[in-house]
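Enquirer: input_7.txt is reproduced in full below (compact mmCIF, C-alpha atoms).
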# COMPACT_ATOMS: atom_id res chain seq x y z
CA MET T 98 57.11 -27.95 -64.44
CA PHE T 99 59.30 -30.93 -63.60
CA LEU T 100 59.40 -34.28 -65.38
CA ASP T 101 60.63 -36.30 -62.41
CA THR T 102 58.02 -38.48 -60.73
CA LEU T 103 57.83 -41.13 -58.04
CA SER T 104 58.50 -44.71 -59.12
CA VAL T 105 55.15 -46.04 -57.78
CA ALA T 106 51.55 -44.87 -58.03
CA PRO T 107 50.49 -42.23 -57.40
CA PHE T 108 53.39 -40.90 -59.47
CA PHE T 109 53.02 -37.25 -58.44
CA GLY T 110 55.60 -36.07 -55.95
CA TYR T 111 56.74 -32.88 -54.27
CA HIS T 112 60.05 -31.44 -55.46
CA TYR T 113 62.63 -30.30 -52.93
CA LEU T 114 66.04 -28.81 -53.57
CA VAL T 115 68.45 -30.12 -50.93
CA THR T 116 71.79 -28.31 -50.57
CA VAL T 117 74.52 -29.59 -48.26
CA VAL T 118 77.73 -27.65 -47.57
CA PHE T 119 80.59 -29.88 -46.47
CA GLY T 120 83.12 -28.89 -43.79
CA THR T 121 86.89 -28.50 -43.91
CA ARG T 122 88.20 -31.78 -45.40
CA ASP T 123 87.50 -33.74 -48.60
CA SER T 124 86.26 -37.31 -48.46
CA ILE T 125 84.49 -39.92 -50.58
CA GLY T 126 81.21 -41.48 -49.53
CA GLN T 127 77.48 -41.64 -49.32
CA LEU T 128 75.27 -39.13 -47.54
CA LEU T 129 71.69 -40.02 -46.54
CA LEU T 130 69.17 -37.62 -45.02
CA THR T 131 65.78 -38.25 -43.39
CA GLY T 132 63.57 -35.23 -42.68
CA HIS T 133 61.05 -35.07 -39.81
CA ASP T 134 58.00 -32.90 -39.29
CA SER T 135 55.07 -33.08 -36.86
CA THR T 136 53.22 -35.68 -38.97
CA GLY T 137 56.03 -38.10 -39.86
CA ARG T 138 59.27 -38.49 -41.73
CA THR T 139 60.63 -38.88 -45.23
CA HIS T 140 62.18 -42.05 -46.55
CA PRO T 141 66.03 -41.96 -46.42
CA ILE T 142 67.11 -39.60 -49.21
CA LEU T 143 70.34 -40.42 -51.03
CA ILE T 144 72.20 -37.13 -51.51
CA THR T 145 75.55 -38.51 -52.71
CA SER T 146 76.54 -41.93 -54.02
CA SER T 147 79.24 -44.09 -52.42
CA GLU T 148 81.66 -43.11 -55.22
CA GLU T 149 81.07 -39.39 -54.96
CA GLN T 150 83.69 -36.84 -53.95
CA LEU T 151 82.64 -34.71 -50.98
CA ARG T 152 84.50 -31.44 -51.51
CA ALA T 153 85.35 -29.31 -48.48
CA GLY T 154 83.56 -25.97 -48.37
CA MET T 155 81.60 -26.72 -51.54
CA PRO T 156 77.81 -26.90 -51.75
CA HIS T 157 76.28 -30.05 -53.19
CA SER T 158 72.70 -29.70 -54.45
CA LYS T 159 70.18 -32.31 -55.53
CA VAL T 160 66.50 -32.17 -56.47
CA VAL T 161 64.60 -34.94 -54.68
CA ILE T 162 60.98 -36.05 -55.01
CA LEU T 163 59.00 -36.88 -51.89
CA GLU T 164 55.65 -38.61 -51.60
CA ARG T 165 54.03 -35.86 -49.57
CA ARG T 166 54.46 -32.21 -48.69
CA PHE T 167 56.46 -31.46 -45.57
CA ALA T 168 55.14 -28.17 -44.21
CA ASN T 169 57.57 -27.65 -41.35
CA ILE T 170 60.73 -29.75 -41.28
CA LYS T 171 61.88 -29.74 -37.65
CA SER T 172 64.89 -32.04 -37.74
CA ILE T 173 67.05 -34.06 -40.11
CA ASP T 174 68.80 -37.37 -39.48
CA VAL T 175 72.17 -37.50 -41.25
CA VAL T 176 74.09 -40.70 -42.03
CA TYR T 177 77.54 -40.63 -43.65
CA VAL T 178 78.87 -43.91 -45.09
CA LYS T 179 82.51 -43.68 -46.09
CA LYS T 180 83.83 -45.34 -49.24
CA ARG T 181 85.12 -48.81 -48.42
CA GLY T 182 87.84 -50.81 -50.15
CA PHE T 183 91.48 -51.79 -49.89
CA LEU T 184 93.02 -48.64 -51.39
CA PHE T 185 90.45 -46.22 -50.03
CA GLY T 186 91.75 -46.30 -46.48
CA LEU T 187 94.83 -44.38 -47.60
CA GLY T 188 94.41 -40.65 -47.38
CA ARG T 189 91.17 -39.08 -48.59
CA VAL T 190 88.45 -41.19 -47.02
CA LEU T 191 87.61 -39.96 -43.55
CA ASP T 192 86.07 -41.83 -40.62
CA GLU T 193 83.83 -38.78 -40.13
CA ILE T 194 82.81 -35.67 -42.02
CA THR T 195 81.73 -32.23 -40.91
CA LEU T 196 78.84 -30.26 -42.36
CA THR T 197 78.41 -26.51 -42.36
CA SER T 198 74.75 -26.40 -43.37
CA ILE T 199 71.80 -28.28 -44.86
CA THR T 200 69.07 -26.37 -46.70
CA VAL T 201 65.81 -27.97 -47.83
CA GLU T 202 63.66 -25.90 -50.18
CA ASN T 203 60.14 -26.83 -51.31
CA ILE T 204 60.38 -25.73 -54.94
CA GLN T 205 56.62 -25.55 -55.57
CA ALA T 206 55.81 -23.61 -52.38
CA ASN T 207 59.03 -21.56 -52.38
CA ASN T 208 59.73 -22.06 -48.67
CA LYS T 209 63.05 -22.99 -47.15
CA PHE T 210 64.31 -24.79 -44.07
CA ALA T 211 67.95 -24.13 -43.15
CA PHE T 212 69.96 -26.09 -40.61
CA CYS T 213 73.13 -24.20 -39.64
CA LEU T 214 75.54 -26.81 -38.33
CA GLY T 215 78.81 -24.89 -38.04
CA GLY T 216 81.07 -27.90 -38.56
CA LEU T 217 79.04 -30.53 -36.69
CA ARG T 218 80.72 -33.96 -36.91
CA PHE T 219 79.07 -37.00 -38.47
CA PRO T 220 80.90 -40.31 -37.83
CA ASP T 221 80.84 -43.15 -40.36
CA ARG T 222 77.59 -45.19 -40.24
CA VAL T 223 76.16 -43.33 -37.22
CA SER T 224 72.80 -41.55 -37.52
CA VAL T 225 72.99 -38.05 -36.04
CA THR T 226 69.86 -35.91 -35.63
CA THR T 227 70.19 -32.18 -36.31
CA THR T 228 67.74 -29.66 -34.89
CA LEU T 229 69.75 -26.46 -35.35
CA ARG T 230 67.22 -24.82 -37.68
CA THR T 231 67.08 -21.09 -38.38
CA ALA T 232 63.85 -19.14 -38.65
CA SER T 233 65.08 -17.09 -41.62
CA GLY T 234 65.75 -20.02 -43.96
CA THR T 235 69.40 -19.00 -44.44
CA CYS T 236 72.64 -19.51 -42.52
Could I get this structure in the form of structure tokens?
Expert:
Amino acid sequence: MFLDTLSVAPFFGYHYLVTVVFGTRDSIGQLLLTGHDSTGRTHPILITSSEEQLRAGMPHSKVVILERRFANIKSIDVVYVKKRGFLFGLGRVLDEITLTSITVENIQANNKFAFCLGGLRFPDRVSVTTTLRTASGTC
């Protein structure tokens, strides 16, 4: 049982574990995902904050709560927003990131949707739709 709920009524929500594996270079920035199925889409889901380190090759997992059950996620929109500021342009903040994979798991139903991206590039502030889903749920 989970204690997280939605912020508005009805407060019940569906719990999903979202795991993102970053590509070959570190950066700092925000990552937003929007999932799509045949009946609609999720709200933009904040996976990392604007201050967060995005470590190359490392998985980043977050439990998110959605207002409805998504039975068959077909695609995901990804938006990367790099950290802005005077000193942050020097070195570790990239104009784009690469992602190896995105996995979305419905915790209550124990089903998984895996998007194997193999280093797909995501430029700063550009929404990119991924449809490279595997049938097995793993990459």
Enquirer: What's the 8 Å shell around range 158-170 of chain T, counting all atoms listed in the file, without same-chain residues fewer than 3 positions away, as a ChimeraX atom specification?
Expert: /T:101-103,109-117,132-135,139,142,144,173,210
Enquirer: Please identify all polymer residues within 8 Å of Ser224 in chain T, counting all atoms listed in the file, omitting same-chain residues fewer than 4 positions from it, and present them as a PyMOL selection string.
Expert: chain T and resi 174-177+219
Enquirer: May I have the residues within 8 Å of Leu214 in chain T as JSON, numbers by chain, using only C-alpha atoms and disregarding those fewer than 5 positions away in the same chain?
Expert: {"T": [196, 197, 198, 199, 227, 229]}
Enquirer: Contacts of Asp123 in chain T at 6 Å or less, counting all atoms listed in the file, minus same-chain residues fewer than 2 places along, as JSON, numbers by chain?
Expert: {"T": [151, 152, 153]}
Enquirer: Would you please work out which residue, of T:Ala106, T:Ala211, T:Cys236, T:Met155, is nearest to Arg122 in chain T when using all atoms listed in the file?
Expert: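 Between T:Ala106, T:Ala211, T:Cys236, T:Met155, the residue approaching Arg122 in chain T most closely is T:Met155.
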Enquirer: Please measure the separation of CA of Val118 in chain T and CA of Leu217 in chain T, giving the value in Å to one decimal.
Expert: 11.3 Å
Enquirer: Near Glu149 in chain T, within 8 Å and counting only C-alpha atoms, which residues show up once chain neighbours fewer than 6 positions away are dropped, as a PyMOL selection string?
Expert: chain T and resi 125-127
Enquirer: Within 10 Å of (64.2, -43.5, -48.5) (file coordinates; all atoms listed in the file), which protein or nucleic acid residues are there? I'd like them as a PDB file with C-alpha atoms, in the coordinates of the input.
Expert:
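Written file, out.pdb:
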ATOM      1  CA  LEU T 129      71.690 -40.020 -46.540  1.00  0.00           C
ATOM      2  CA  LEU T 130      69.170 -37.620 -45.020  1.00  0.00           C
ATOM      3  CA  THR T 131      65.780 -38.250 -43.390  1.00  0.00           C
ATOM      4  CA  ARG T 138      59.270 -38.490 -41.730  1.00  0.00           C
ATOM      5  CA  THR T 139      60.630 -38.880 -45.230  1.00  0.00           C
ATOM      6  CA  HIS T 140      62.180 -42.050 -46.550  1.00  0.00           C
ATOM      7  CA  PRO T 141      66.030 -41.960 -46.420  1.00  0.00           C
ATOM      8  CA  ILE T 142      67.110 -39.600 -49.210  1.00  0.00           C
ATOM      9  CA  LEU T 143      70.340 -40.420 -51.030  1.00  0.00           C
ATOM     10  CA  LEU T 163      59.000 -36.880 -51.890  1.00  0.00           C
TER      11      LEU T 163
END
Enquirer: Looking at T:Thr200, T:Arg218, T:Gly120, T:Val178, which one is nearest to Ser146 in chain T, with distances taken over all atoms listed in the file?
Expert: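 Of the candidates, the smallest distance to Ser146 in chain T is held by T:Val178.
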Enquirer: Please determine, counting all atoms listed in the file, which residue among T:Val223, T:Phe119, T:Arg181, T:Phe108 has the shortest atom-to-atom distance to Ile194 in chain T.
Expert: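 Nearest candidate to Ile194 in chain T out of T:Val223, T:Phe119, T:Arg181, T:Phe108: T:Phe119.
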Enquirer: If you measure from CA of Pro156 in chain T to CA of Ala232 in chain T, what distance in Å do you get, rounded to one decimal?
Expert: 20.7 Å
Enquirer: For CA of Thr231 in chain T and CA of Ser147 in chain T, determine how far apart the two atoms are, in Å to one decimal place.
Expert: 29.6 Å
Enquirer: With 6 Å on each side, where is the centre of the axis-aligned box around all listed atoms of range 212-227 of chain T, and how long are its edges in Å to one decimal, as AutoDock Vina command-line options?
Expert:
--center_x 75.5 --center_y -34.7 --center_z -38.1 --size_x 23.2 --size_y 33.0 --size_z 17.0
Enquirer: Measuring between all atoms listed in the file, which one of T:Asp221, T:Glu202, T:Thr136, T:Gly234 shows the shortest distance to Ser124 in chain T?
Expert: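 Of T:Asp221, T:Glu202, T:Thr136, T:Gly234, the one nearest Ser124 in chain T is T:Asp221, counting all atoms listed in the file.
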Enquirer: Restricting the calculation to all atoms listed in the file: of T:Thr121, T:Phe212, T:Asn203, T:Gln150, which residue gets closest to Ser233 in chain T?
Expert: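 Among the listed residues, the smallest separation from Ser233 in chain T belongs to T:Phe212.
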